[in-house]
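So this block is model_18.txt, compact mmCIF, C-alpha atoms:
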```
# COMPACT_ATOMS: atom_id res chain seq x y z
CA MET Z 1 170.33 76.84 127.05
CA LEU Z 2 168.16 78.91 129.35
CA THR Z 3 167.22 76.73 132.31
CA LYS Z 4 163.99 76.36 134.27
CA ARG Z 5 164.28 77.99 137.67
CA ILE Z 6 163.55 76.43 141.07
CA ILE Z 7 162.60 79.07 143.62
CA PRO Z 8 162.20 78.43 147.35
CA CYS Z 9 159.88 81.02 148.90
CA LEU Z 10 160.37 82.20 152.46
CA ASP Z 11 157.49 83.88 154.26
CA ILE Z 12 158.80 86.28 156.87
CA LYS Z 13 157.15 87.47 160.05
CA ASP Z 14 159.06 89.34 162.76
CA GLY Z 15 162.36 88.49 161.08
CA ARG Z 16 161.68 84.74 161.01
CA THR Z 17 160.61 82.35 158.25
CA VAL Z 18 157.09 80.98 158.47
CA LYS Z 19 154.77 79.18 156.10
CA GLY Z 20 151.05 79.39 156.12
CA VAL Z 21 149.15 76.29 155.12
CA ASN Z 22 146.32 77.67 153.02
CA PHE Z 23 147.51 81.01 154.45
CA VAL Z 24 145.98 80.29 157.87
CA ASN Z 25 148.14 78.09 160.09
CA ILE Z 26 151.70 79.21 160.63
CA ARG Z 27 154.76 77.23 161.70
CA ASP Z 28 158.27 78.51 162.34
CA ALA Z 29 160.89 77.32 159.87
CA GLY Z 30 163.95 79.25 160.85
CA ASP Z 31 166.28 82.13 160.23
CA PRO Z 32 165.73 83.66 156.77
CA VAL Z 33 169.35 84.71 156.15
CA GLU Z 34 170.75 81.31 157.06
CA LEU Z 35 168.00 79.47 155.22
CA GLY Z 36 168.50 81.67 152.12
CA ALA Z 37 172.28 81.15 152.03
CA SER Z 38 171.77 77.44 152.50
CA TYR Z 39 169.34 77.26 149.55
CA ALA Z 40 171.80 79.24 147.42
CA SER Z 41 174.60 76.77 148.19
CA GLN Z 42 172.27 73.84 147.41
CA GLY Z 43 171.65 75.20 143.90
CA ALA Z 44 168.38 77.11 144.22
CA ASP Z 45 168.14 79.49 141.25
CA GLU Z 46 166.41 82.37 142.99
CA LEU Z 47 164.71 83.12 146.28
CA VAL Z 48 161.56 84.98 147.23
CA PHE Z 49 161.13 86.61 150.66
CA LEU Z 50 157.62 87.74 151.51
CA ASP Z 51 156.97 89.97 154.50
CA ILE Z 52 153.58 88.50 155.33
CA ALA Z 53 152.84 90.80 158.25
CA ALA Z 54 154.07 93.98 156.56
CA THR Z 55 153.10 97.22 158.25
CA THR Z 56 154.43 100.75 157.99
CA GLU Z 57 156.17 100.31 161.35
CA ASN Z 58 158.08 97.14 160.53
CA ARG Z 59 159.12 98.23 157.02
CA LYS Z 60 162.49 99.45 158.32
CA THR Z 61 163.13 96.15 160.08
CA PHE Z 62 162.40 94.30 156.86
CA ALA Z 63 164.83 96.53 154.91
CA THR Z 64 167.52 95.70 157.48
CA LEU Z 65 166.81 92.01 156.98
CA VAL Z 66 166.94 92.44 153.19
CA ARG Z 67 170.40 93.97 153.56
CA GLU Z 68 171.60 90.96 155.56
CA ILE Z 69 170.16 88.63 152.95
CA ALA Z 70 171.93 90.54 150.15
CA ARG Z 71 175.17 90.36 152.11
CA HIS Z 72 175.07 86.58 152.44
CA VAL Z 73 173.16 85.28 149.41
CA ASN Z 74 174.96 85.04 146.04
CA ILE Z 75 171.89 84.42 143.85
CA PRO Z 76 169.05 86.77 142.84
CA PHE Z 77 166.17 87.33 145.20
CA THR Z 78 162.78 89.00 145.15
CA VAL Z 79 161.16 90.69 148.13
CA GLY Z 80 157.51 91.51 148.62
CA GLY Z 81 154.74 92.12 151.09
CA GLY Z 82 152.68 95.23 151.61
CA ILE Z 83 154.44 97.28 148.92
CA SER Z 84 152.14 100.08 147.81
CA SER Z 85 154.36 102.89 146.52
CA VAL Z 86 157.64 103.81 144.86
CA ALA Z 87 158.75 105.11 148.27
CA ASP Z 88 158.23 101.63 149.79
CA VAL Z 89 160.46 100.06 147.15
CA ALA Z 90 163.47 102.39 147.10
CA PRO Z 91 164.89 101.27 150.51
CA LEU Z 92 164.49 97.60 149.55
CA LEU Z 93 166.46 98.06 146.33
CA GLU Z 94 169.02 100.17 148.13
CA ALA Z 95 169.35 97.28 150.61
CA GLY Z 96 170.26 94.96 147.72
CA ALA Z 97 167.02 93.28 146.60
CA ASP Z 98 167.03 92.31 142.91
CA LYS Z 99 163.27 92.43 142.35
CA VAL Z 100 160.13 93.36 144.21
CA SER Z 101 156.78 91.63 143.97
CA ILE Z 102 153.56 93.57 144.19
CA ASN Z 103 150.09 92.13 144.61
CA SER Z 104 147.06 93.74 146.31
CA ALA Z 105 148.31 97.30 145.89
CA ALA Z 106 148.60 96.81 142.11
CA VAL Z 107 145.02 95.51 141.95
CA ARG Z 108 143.85 98.60 143.84
CA ASN Z 109 146.03 100.93 141.80
CA PRO Z 110 147.31 99.39 138.53
CA GLN Z 111 149.22 102.61 137.82
CA LEU Z 112 151.64 101.47 140.55
CA ILE Z 113 153.11 98.98 138.06
CA ASP Z 114 153.89 101.78 135.56
CA GLU Z 115 155.39 103.94 138.30
CA LEU Z 116 157.67 101.18 139.58
CA VAL Z 117 158.73 100.24 136.05
CA LYS Z 118 159.53 103.85 135.25
CA ALA Z 119 161.51 104.31 138.46
CA PHE Z 120 163.40 101.01 138.56
CA GLY Z 121 162.93 99.15 135.26
CA SER Z 122 160.83 96.16 134.22
CA GLN Z 123 163.32 93.64 135.53
CA PHE Z 124 162.64 94.84 139.10
CA VAL Z 125 158.89 94.37 139.00
CA VAL Z 126 157.22 91.01 139.59
CA LEU Z 127 153.43 91.09 139.46
CA ALA Z 128 152.14 88.47 141.91
CA ILE Z 129 148.61 87.30 141.19
CA ASP Z 130 146.58 85.14 143.58
CA ALA Z 131 143.57 83.62 141.86
CA ARG Z 132 140.84 81.12 142.56
CA LYS Z 133 138.47 79.41 140.15
CA LEU Z 134 134.89 80.51 140.76
CA ILE Z 135 132.18 79.24 138.39
CA ASN Z 136 134.61 78.51 135.55
CA GLN Z 137 136.41 81.83 135.84
CA TRP Z 138 139.83 82.45 137.40
CA ILE Z 139 139.13 85.38 139.70
CA VAL Z 140 141.94 87.48 141.16
CA HIS Z 141 141.93 87.63 144.97
CA THR Z 142 143.76 89.98 147.30
CA HIS Z 143 144.67 90.05 150.99
CA GLY Z 144 146.31 86.65 151.07
CA GLY Z 145 143.64 85.17 148.86
CA SER Z 146 140.70 86.08 151.05
CA LYS Z 147 139.11 88.90 149.04
CA PRO Z 148 137.69 88.34 145.56
CA THR Z 149 138.09 91.25 143.14
CA ASP Z 150 136.45 92.17 139.84
CA LYS Z 151 139.65 91.24 137.96
CA LYS Z 152 140.14 88.05 135.99
CA LEU Z 153 143.47 86.24 135.94
CA PHE Z 154 144.24 86.29 132.21
CA SER Z 155 143.24 89.86 131.44
CA TRP Z 156 144.96 91.12 134.59
CA ALA Z 157 148.18 89.25 133.74
CA ARG Z 158 148.14 90.71 130.24
CA GLU Z 159 147.49 94.19 131.61
CA GLY Z 160 150.42 93.71 133.99
CA GLN Z 161 152.67 92.81 131.06
CA GLU Z 162 151.45 95.84 129.08
CA ARG Z 163 152.16 98.10 132.02
CA GLY Z 164 155.73 96.80 132.02
CA ALA Z 165 155.91 94.08 134.70
CA GLY Z 166 158.96 91.88 134.11
CA GLU Z 167 157.46 88.62 135.39
CA ILE Z 168 154.18 87.13 136.59
CA LEU Z 169 154.09 85.06 139.78
CA PHE Z 170 150.82 83.13 139.62
CA THR Z 171 149.50 81.39 142.74
CA SER Z 172 146.41 79.26 142.49
CA MET Z 173 144.66 79.69 145.83
CA ASP Z 174 142.75 76.49 145.08
CA HIS Z 175 146.02 74.57 145.01
CA ASP Z 176 148.13 76.45 147.55
CA GLY Z 177 148.85 74.33 150.62
CA THR Z 178 147.13 71.24 149.19
CA ARG Z 179 150.31 69.56 147.88
CA GLN Z 180 148.21 68.13 145.07
CA GLY Z 181 150.20 69.77 142.27
CA PHE Z 182 150.36 73.11 140.48
CA ALA Z 183 147.43 74.49 138.49
CA THR Z 184 148.84 73.43 135.13
CA ASP Z 185 145.90 74.43 132.90
CA PRO Z 186 145.82 78.15 133.73
CA LEU Z 187 149.65 78.12 133.79
CA ALA Z 188 149.79 76.82 130.23
CA LYS Z 189 147.28 79.43 129.15
CA LEU Z 190 149.27 82.21 130.83
CA ASN Z 191 152.43 81.05 129.14
CA GLU Z 192 150.75 81.08 125.74
CA LEU Z 193 149.29 84.50 126.36
CA LEU Z 194 152.35 86.28 127.74
CA GLN Z 195 155.78 87.23 126.42
CA ILE Z 196 157.23 87.65 129.93
CA PRO Z 197 158.28 84.78 132.21
CA VAL Z 198 155.69 83.07 134.42
CA ILE Z 199 156.48 81.57 137.82
CA ALA Z 200 154.22 78.73 138.99
CA SER Z 201 153.21 78.79 142.65
CA GLY Z 202 150.86 76.88 144.91
CA GLY Z 203 150.38 73.13 145.27
CA ALA Z 204 153.88 71.61 145.07
CA GLY Z 205 153.93 68.28 146.89
CA THR Z 206 156.19 66.00 144.84
CA LYS Z 207 158.98 66.14 142.25
CA GLU Z 208 156.48 65.12 139.63
CA HIS Z 209 154.46 68.26 140.31
CA PHE Z 210 157.45 70.38 139.29
CA LEU Z 211 157.93 68.29 136.17
CA HIS Z 212 154.29 68.91 135.25
CA ALA Z 213 154.56 72.64 135.94
CA PHE Z 214 157.28 72.74 133.26
CA THR Z 215 155.89 70.22 130.75
CA LEU Z 216 152.09 70.69 131.04
CA GLY Z 217 152.13 74.19 132.54
CA LYS Z 218 155.03 75.44 130.36
CA ALA Z 219 156.17 77.56 133.30
CA ASP Z 220 159.57 79.30 133.27
CA ALA Z 221 160.06 78.79 136.99
CA ALA Z 222 158.38 77.01 139.88
CA LEU Z 223 158.16 78.10 143.48
CA ALA Z 224 157.55 76.21 146.70
CA ALA Z 225 157.99 76.78 150.41
CA SER Z 226 157.25 74.26 153.14
CA LEU Z 227 158.22 71.29 150.98
CA PHE Z 228 161.78 72.64 150.97
CA HIS Z 229 161.84 74.18 154.45
CA PHE Z 230 161.03 70.97 156.28
CA GLY Z 231 163.50 68.95 154.23
CA GLU Z 232 160.89 66.80 152.51
CA LEU Z 233 162.41 67.64 149.15
CA SER Z 234 165.92 68.95 148.53
CA VAL Z 235 166.79 71.24 145.64
CA PRO Z 236 169.61 68.94 144.36
CA ASP Z 237 167.29 65.88 144.40
CA LEU Z 238 164.59 67.79 142.56
CA LYS Z 239 167.05 69.05 139.94
CA SER Z 240 168.58 65.67 139.23
CA TYR Z 241 165.07 64.24 138.86
CA LEU Z 242 164.10 67.00 136.40
CA LYS Z 243 167.34 66.52 134.48
CA ASN Z 244 166.48 62.84 134.00
CA TYR Z 245 163.27 64.00 132.31
CA ASN Z 246 165.24 66.33 130.01
CA ILE Z 247 164.11 69.52 131.70
CA PRO Z 248 166.98 72.03 131.37
CA VAL Z 249 168.14 72.87 134.89
CA ARG Z 250 171.27 74.43 136.33
CA THR Z 251 173.30 71.76 138.13
CA MET H 1 192.16 99.54 145.65
CA ILE H 2 189.10 98.79 143.52
CA SER H 3 186.74 101.64 142.65
CA VAL H 4 183.13 100.80 141.93
CA ILE H 5 181.61 103.64 139.92
CA LYS H 6 178.71 105.16 141.81
CA TYR H 7 175.79 106.26 139.69
CA ASN H 8 172.10 105.49 139.36
CA ALA H 9 172.67 101.79 138.62
CA GLY H 10 170.45 99.37 140.47
CA ASN H 11 173.01 96.71 141.34
CA ILE H 12 175.78 98.66 143.09
CA ARG H 13 174.87 97.25 146.51
CA SER H 14 174.92 93.69 145.12
CA VAL H 15 178.33 94.24 143.50
CA ALA H 16 179.63 95.68 146.77
CA PHE H 17 178.40 92.66 148.76
CA ALA H 18 179.95 90.28 146.21
CA LEU H 19 183.34 92.01 146.64
CA GLU H 20 182.89 91.83 150.41
CA ARG H 21 182.28 88.08 150.17
CA LEU H 22 185.58 87.81 148.24
CA ASP H 23 187.37 89.87 150.94
CA VAL H 24 188.41 92.47 148.38
CA PRO H 25 188.82 96.08 149.57
CA PHE H 26 186.92 98.62 147.45
CA ILE H 27 185.32 102.04 147.46
CA ILE H 28 182.11 103.19 145.79
CA THR H 29 182.72 106.58 144.25
CA ASP H 30 181.71 109.04 141.53
CA ASN H 31 184.82 111.14 142.11
CA ALA H 32 186.87 111.28 138.87
CA GLU H 33 190.22 111.32 140.70
CA GLU H 34 189.32 108.29 142.86
CA ILE H 35 188.23 106.43 139.75
CA ARG H 36 191.37 107.36 137.77
CA LYS H 37 193.81 106.33 140.49
CA ALA H 38 192.15 102.98 141.32
CA ASP H 39 194.02 99.74 140.50
CA LYS H 40 190.86 98.41 138.92
CA VAL H 41 187.47 99.85 138.15
CA ILE H 42 184.07 98.17 138.14
CA PHE H 43 181.31 99.80 136.11
CA PRO H 44 178.05 98.15 137.21
CA GLY H 45 174.69 98.73 135.60
CA VAL H 46 171.02 97.93 135.74
CA GLY H 47 168.52 100.23 134.12
CA GLU H 48 167.71 101.96 130.86
CA ALA H 49 170.45 103.08 128.44
CA SER H 50 169.47 106.67 127.55
CA THR H 51 168.66 107.79 131.12
CA THR H 52 171.88 106.23 132.36
CA MET H 53 174.05 107.79 129.61
CA ARG H 54 172.53 111.19 130.35
CA TYR H 55 173.37 110.77 134.02
CA LEU H 56 176.96 109.73 133.23
CA LYS H 57 177.38 112.67 130.83
CA ASP H 58 176.05 115.17 133.35
CA LYS H 59 178.77 114.04 135.72
CA LYS H 60 181.34 113.73 132.85
CA LEU H 61 181.87 110.13 133.96
CA ASP H 62 181.58 108.94 130.34
CA LEU H 63 184.85 110.72 129.50
CA VAL H 64 186.52 109.51 132.69
CA ILE H 65 185.63 105.89 131.86
CA LYS H 66 186.75 106.20 128.24
CA ASP H 67 190.25 107.34 129.25
CA LEU H 68 190.89 104.71 131.93
CA LYS H 69 194.10 102.68 131.46
CA GLN H 70 193.73 100.14 134.29
CA PRO H 71 191.51 97.01 134.01
CA VAL H 72 187.85 98.06 133.84
CA LEU H 73 184.92 95.64 134.19
CA GLY H 74 181.53 96.61 132.76
CA ILE H 75 178.57 94.59 134.07
CA CYS H 76 175.23 94.16 132.24
CA LEU H 77 174.14 97.68 131.22
CA GLY H 78 177.73 98.70 132.06
CA MET H 79 178.88 96.38 129.25
CA GLN H 80 176.30 97.72 126.81
CA LEU H 81 177.25 101.34 127.55
CA LEU H 82 180.88 100.51 126.69
CA CYS H 83 179.71 99.85 123.12
CA THR H 84 179.30 102.52 120.43
CA TYR H 85 175.55 102.67 120.25
CA SER H 86 172.43 101.08 121.78
CA GLU H 87 169.11 100.54 120.03
CA GLU H 88 167.49 101.09 123.43
CA ASN H 89 166.00 104.56 122.87
CA ASP H 90 168.62 105.30 120.18
CA THR H 91 171.44 105.98 122.57
CA PRO H 92 175.02 106.86 121.58
CA CYS H 93 177.27 105.22 124.18
CA ILE H 94 180.89 105.42 125.38
CA GLY H 95 182.41 103.63 122.39
CA ILE H 96 185.13 101.28 123.62
CA PHE H 97 183.69 98.28 121.78
CA ASP H 98 182.78 99.08 118.18
CA GLN H 99 179.38 97.40 118.40
CA THR H 100 175.68 98.21 118.22
CA VAL H 101 173.60 96.87 121.11
CA LYS H 102 170.46 95.23 119.67
CA ARG H 103 167.10 94.11 120.98
CA PHE H 104 166.38 90.36 121.08
CA GLN H 105 163.97 89.25 118.34
CA PRO H 106 162.23 86.02 119.38
CA ARG H 107 162.62 83.20 116.81
CA ASN H 108 160.67 80.42 118.56
CA ASN H 109 158.45 82.35 120.97
CA GLU H 110 161.37 82.92 123.33
CA LYS H 111 160.49 85.39 126.02
CA VAL H 112 162.11 88.81 126.26
CA PRO H 113 163.76 89.70 128.64
CA HIS H 114 166.22 86.83 128.61
CA MET H 115 165.89 86.13 132.32
CA GLY H 116 167.51 83.34 134.28
CA TRP H 117 170.51 81.01 134.22
CA ASN H 118 172.16 80.21 130.92
CA SER H 119 175.47 78.56 130.03
CA LEU H 120 178.80 80.00 128.90
CA THR H 121 181.20 79.01 126.15
CA PRO H 122 184.48 80.83 126.87
CA THR H 123 186.38 82.12 123.81
CA GLN H 124 189.08 84.22 125.51
CA SER H 125 191.26 83.22 128.41
CA TRP H 126 190.01 85.71 130.97
CA ILE H 127 186.81 83.65 131.15
CA PRO H 128 188.46 80.47 132.49
CA ASP H 129 188.04 77.27 130.46
CA SER H 130 186.91 75.53 133.63
CA LEU H 131 183.69 77.56 133.25
CA SER H 132 182.84 76.00 129.91
CA GLY H 133 179.16 75.06 130.27
CA ALA H 134 178.85 76.84 133.63
CA PHE H 135 175.59 78.68 134.30
CA VAL H 136 175.42 82.38 135.07
CA TYR H 137 172.47 84.68 135.71
CA PHE H 138 171.17 86.99 132.97
CA VAL H 139 168.45 89.67 132.92
CA HIS H 140 168.42 91.72 129.73
CA SER H 141 166.38 92.54 126.63
CA TYR H 142 169.27 93.92 124.55
CA TYR H 143 172.46 92.10 123.54
CA VAL H 144 175.86 92.65 121.97
CA PRO H 145 176.34 90.49 118.84
CA ALA H 146 179.23 88.04 118.68
CA ASN H 147 182.35 89.87 117.41
CA ALA H 148 186.17 89.85 117.50
CA ALA H 149 186.17 91.12 121.10
CA THR H 150 183.80 88.38 122.34
CA ALA H 151 185.26 86.53 125.34
CA ALA H 152 182.35 84.13 125.95
CA ILE H 153 179.28 83.13 123.97
CA THR H 154 175.78 82.33 125.24
CA ASP H 155 172.91 81.16 123.11
CA TYR H 156 169.47 82.79 123.32
CA THR H 157 167.55 83.25 120.06
CA LEU H 158 171.10 83.43 118.62
CA PRO H 159 174.68 83.15 119.89
CA PHE H 160 175.53 86.53 121.47
CA SER H 161 178.39 88.05 123.50
CA ALA H 162 178.14 86.98 127.15
CA ALA H 163 181.53 88.58 127.75
CA LEU H 164 183.95 90.92 125.93
CA LYS H 165 187.55 92.04 126.16
CA LYS H 166 189.49 94.71 124.34
CA ASP H 167 192.76 96.13 125.69
CA ASN H 168 192.14 97.00 129.36
CA PHE H 169 188.35 96.79 129.04
CA TYR H 170 186.51 93.67 130.23
CA ALA H 171 182.76 93.26 130.20
CA VAL H 172 180.05 90.73 131.05
CA GLN H 173 176.39 90.74 130.05
CA PHE H 174 175.39 88.51 132.97
CA HIS H 175 175.52 89.34 136.68
CA PRO H 176 178.63 87.76 138.23
CA GLU H 177 177.58 89.30 141.56
CA LYS H 178 174.44 87.11 141.46
CA SER H 179 175.85 84.02 139.74
CA ALA H 180 176.84 81.93 142.76
CA LYS H 181 180.26 80.21 142.55
CA ALA H 182 180.65 80.67 138.78
CA GLY H 183 180.17 84.41 139.19
CA GLU H 184 182.73 84.53 141.98
CA LYS H 185 185.29 82.79 139.72
CA ILE H 186 184.73 85.37 136.99
CA LEU H 187 185.05 88.31 139.40
CA THR H 188 188.23 86.73 140.75
CA SER H 189 189.59 86.26 137.22
CA PHE H 190 188.97 89.95 136.50
CA LEU H 191 190.59 90.95 139.77
CA ASN H 192 193.70 88.96 138.75
CA GLN H 193 194.12 90.82 135.43
CA HIS H 194 196.89 93.41 135.00
```
For this file, produce the structure as structure tokens.
Amino acid sequence: MLTKRIIPCLDIKDGRTVKGVNFVNIRDAGDPVELGASYASQGADELVFLDIAATTENRKTFATLVREIARHVNIPFTVGGGISSVADVAPLLEAGADKVSINSAAVRNPQLIDELVKAFGSQFVVLAIDARKLINQWIVHTHGGSKPTDKKLFSWAREGQERGAGEILFTSMDHDGTRQGFATDPLAKLNELLQIPVIASGGAGTKEHFLHAFTLGKADAALAASLFHFGELSVPDLKSYLKNYNIPVRT
Amino acid sequence: MISVIKYNAGNIRSVAFALERLDVPFIITDNAEEIRKADKVIFPGVGEASTTMRYLKDKKLDLVIKDLKQPVLGICLGMQLLCTYSEENDTPCIGIFDQTVKRFQPRNNEKVPHMGWNSLTPTQSWIPDSLSGAFVYFVHSYYVPANAATAAITDYTLPFSAALKKDNFYAVQFHPEKSAKAGEKILTSFLNQH
């Protein structure tokens, strides 16, 4: 049986792991290669590495880091941050990344999704969507959730699927950093609407929140960062909890 | 020496790192002679069938692969291209396994691609019995039906071939290079075949 995936997310700045609380405050949580390999050995199903301070200058440094991650991590991983062209992606894939996530650049230029899919295949392309609920509408935001756009979550997710994205990574900016649980209502709606997998992100604070992401939110995977990094919740503990509630997980 | 066939497949680097982690010496090559004289050959693959077959044909690698006599391991698209034909853009393939590669048809709103960790039921000895129920990582929209050459079964919309074996040809639909310890055991099992 296909299992639900647990995905620790590592935000990277200057080669180190950090986590923004509501994307503003940043604390240091260690070496990304070591942390990644440790999550893999604990039973994490996938990893996401986001270069949160991506610039043209540090792109090479990030590719070098991606290569080290690929060398030491024996599970799939996605990389993202500041990707805006096919040329940005090629060195990351060459370095051994399994997927790339794109966000703001796809909102600016939706054609980017088609181009990446054509060049590398659907399975490489994760469309990350940050959204916030404004007057009863889920509005897509860019630039770490700070800039509202004219796009709405559900139509943008569907457009992403039609353009060939292989997965949707949905972060509720209203929930991110709050530790009050994932946004299960829009998640459930996304999962009804889409034929591609949906990853829940933003708001994980307890094991129960993951359970709800899968039962109420019908998500295929759930992602969290600081909760794992600071040892408040371990992947094996989370998985044995989920298993007790009959959620299919890899143990 | 192991030769990993170099072509436009997306997962060559990952396969190379997995072999490195197992301390196995290998080369990555598209040179026919280096492929023919290798002890074992790994044929990786991520991508689209017709584009990839065209690339292999341009380099005459399809014929090189077909005539190999040593153990050969096809991975993911590599496995599908070892079949006779793929429904993915109506592509005639290399033709080791007499099978048509089909697209998943959801029965209960299952998502396509089949993406994530799913369990194995070994049916031939090269997939060790100790891996019965073990989880491995899949990403694919097309599958090889269960058949006489099936070496392990996985269930998604229907029971399909997670692994194959015929003569010196071995193949896996999942990604052993990304399947943690279970994947390492399967790579090791292949590397121990003669």
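Closest approach to Gly205 (chain Z) among Z:Ser226, Z:Ser240, Z:Ser146, Z:Asn136 is made by Z:Ser226 (distances from all atoms listed in the file).
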Give one line per residue of region 42-156 of chain Z that approaches region 167-185 of chain Z to at most 8 Å, naming the two atoms of the closest pair and their distance in Å to one decimal, counting only C-alpha atoms; sort by chain then ascending residue number and deliver it as CSV.
```
residue,atom,partner,partner_atom,distance
Z:Gln123,CA,Z:Glu167,CA,7.7
Z:Val125,CA,Z:Glu167,CA,6.9
Z:Val126,CA,Z:Glu167,CA,4.8
Z:Leu127,CA,Z:Ile168,CA,4.9
Z:Ala128,CA,Z:Leu169,CA,4.5
Z:Ile129,CA,Z:Phe170,CA,5.0
Z:Asp130,CA,Z:Thr171,CA,4.8
Z:Ala131,CA,Z:Ser172,CA,5.2
Z:Arg132,CA,Z:Met173,CA,5.2
Z:Lys133,CA,Z:Asp174,CA,7.2
Z:Gly145,CA,Z:Met173,CA,6.3
```
Residues as selected, C-alpha atoms, written as a CSV table (one decimal), in the coordinates of the input, can you do that?
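Below you can see selection-v6.csv, which holds the result:
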```csv
chain,number,residue,atom,x,y,z
Z,123,GLN,CA,163.3,93.6,135.5
Z,125,VAL,CA,158.9,94.4,139.0
Z,126,VAL,CA,157.2,91.0,139.6
Z,127,LEU,CA,153.4,91.1,139.5
Z,128,ALA,CA,152.1,88.5,141.9
Z,129,ILE,CA,148.6,87.3,141.2
Z,130,ASP,CA,146.6,85.1,143.6
Z,131,ALA,CA,143.6,83.6,141.9
Z,132,ARG,CA,140.8,81.1,142.6
Z,133,LYS,CA,138.5,79.4,140.2
Z,145,GLY,CA,143.6,85.2,148.9
```
Item to check | Neighbours of chain H in chain Z at 6 Å, counting all atoms listed in the file, as a count of residues only | outcome: 11
Checklist entry - For Pro145 (chain H), which residue among H:Asn168, H:Thr188, H:Thr100, H:Ser125 is the nearest when counting only C-alpha atoms? => result H:Thr100
Checklist entry - Leaving out Cys93 (chain H) and any residue of its chain fewer than 5 positions from it, which residues lie within 7 Å of it when counting only C-alpha atoms, given as a ChimeraX atom specification? => result /H:53,81-86
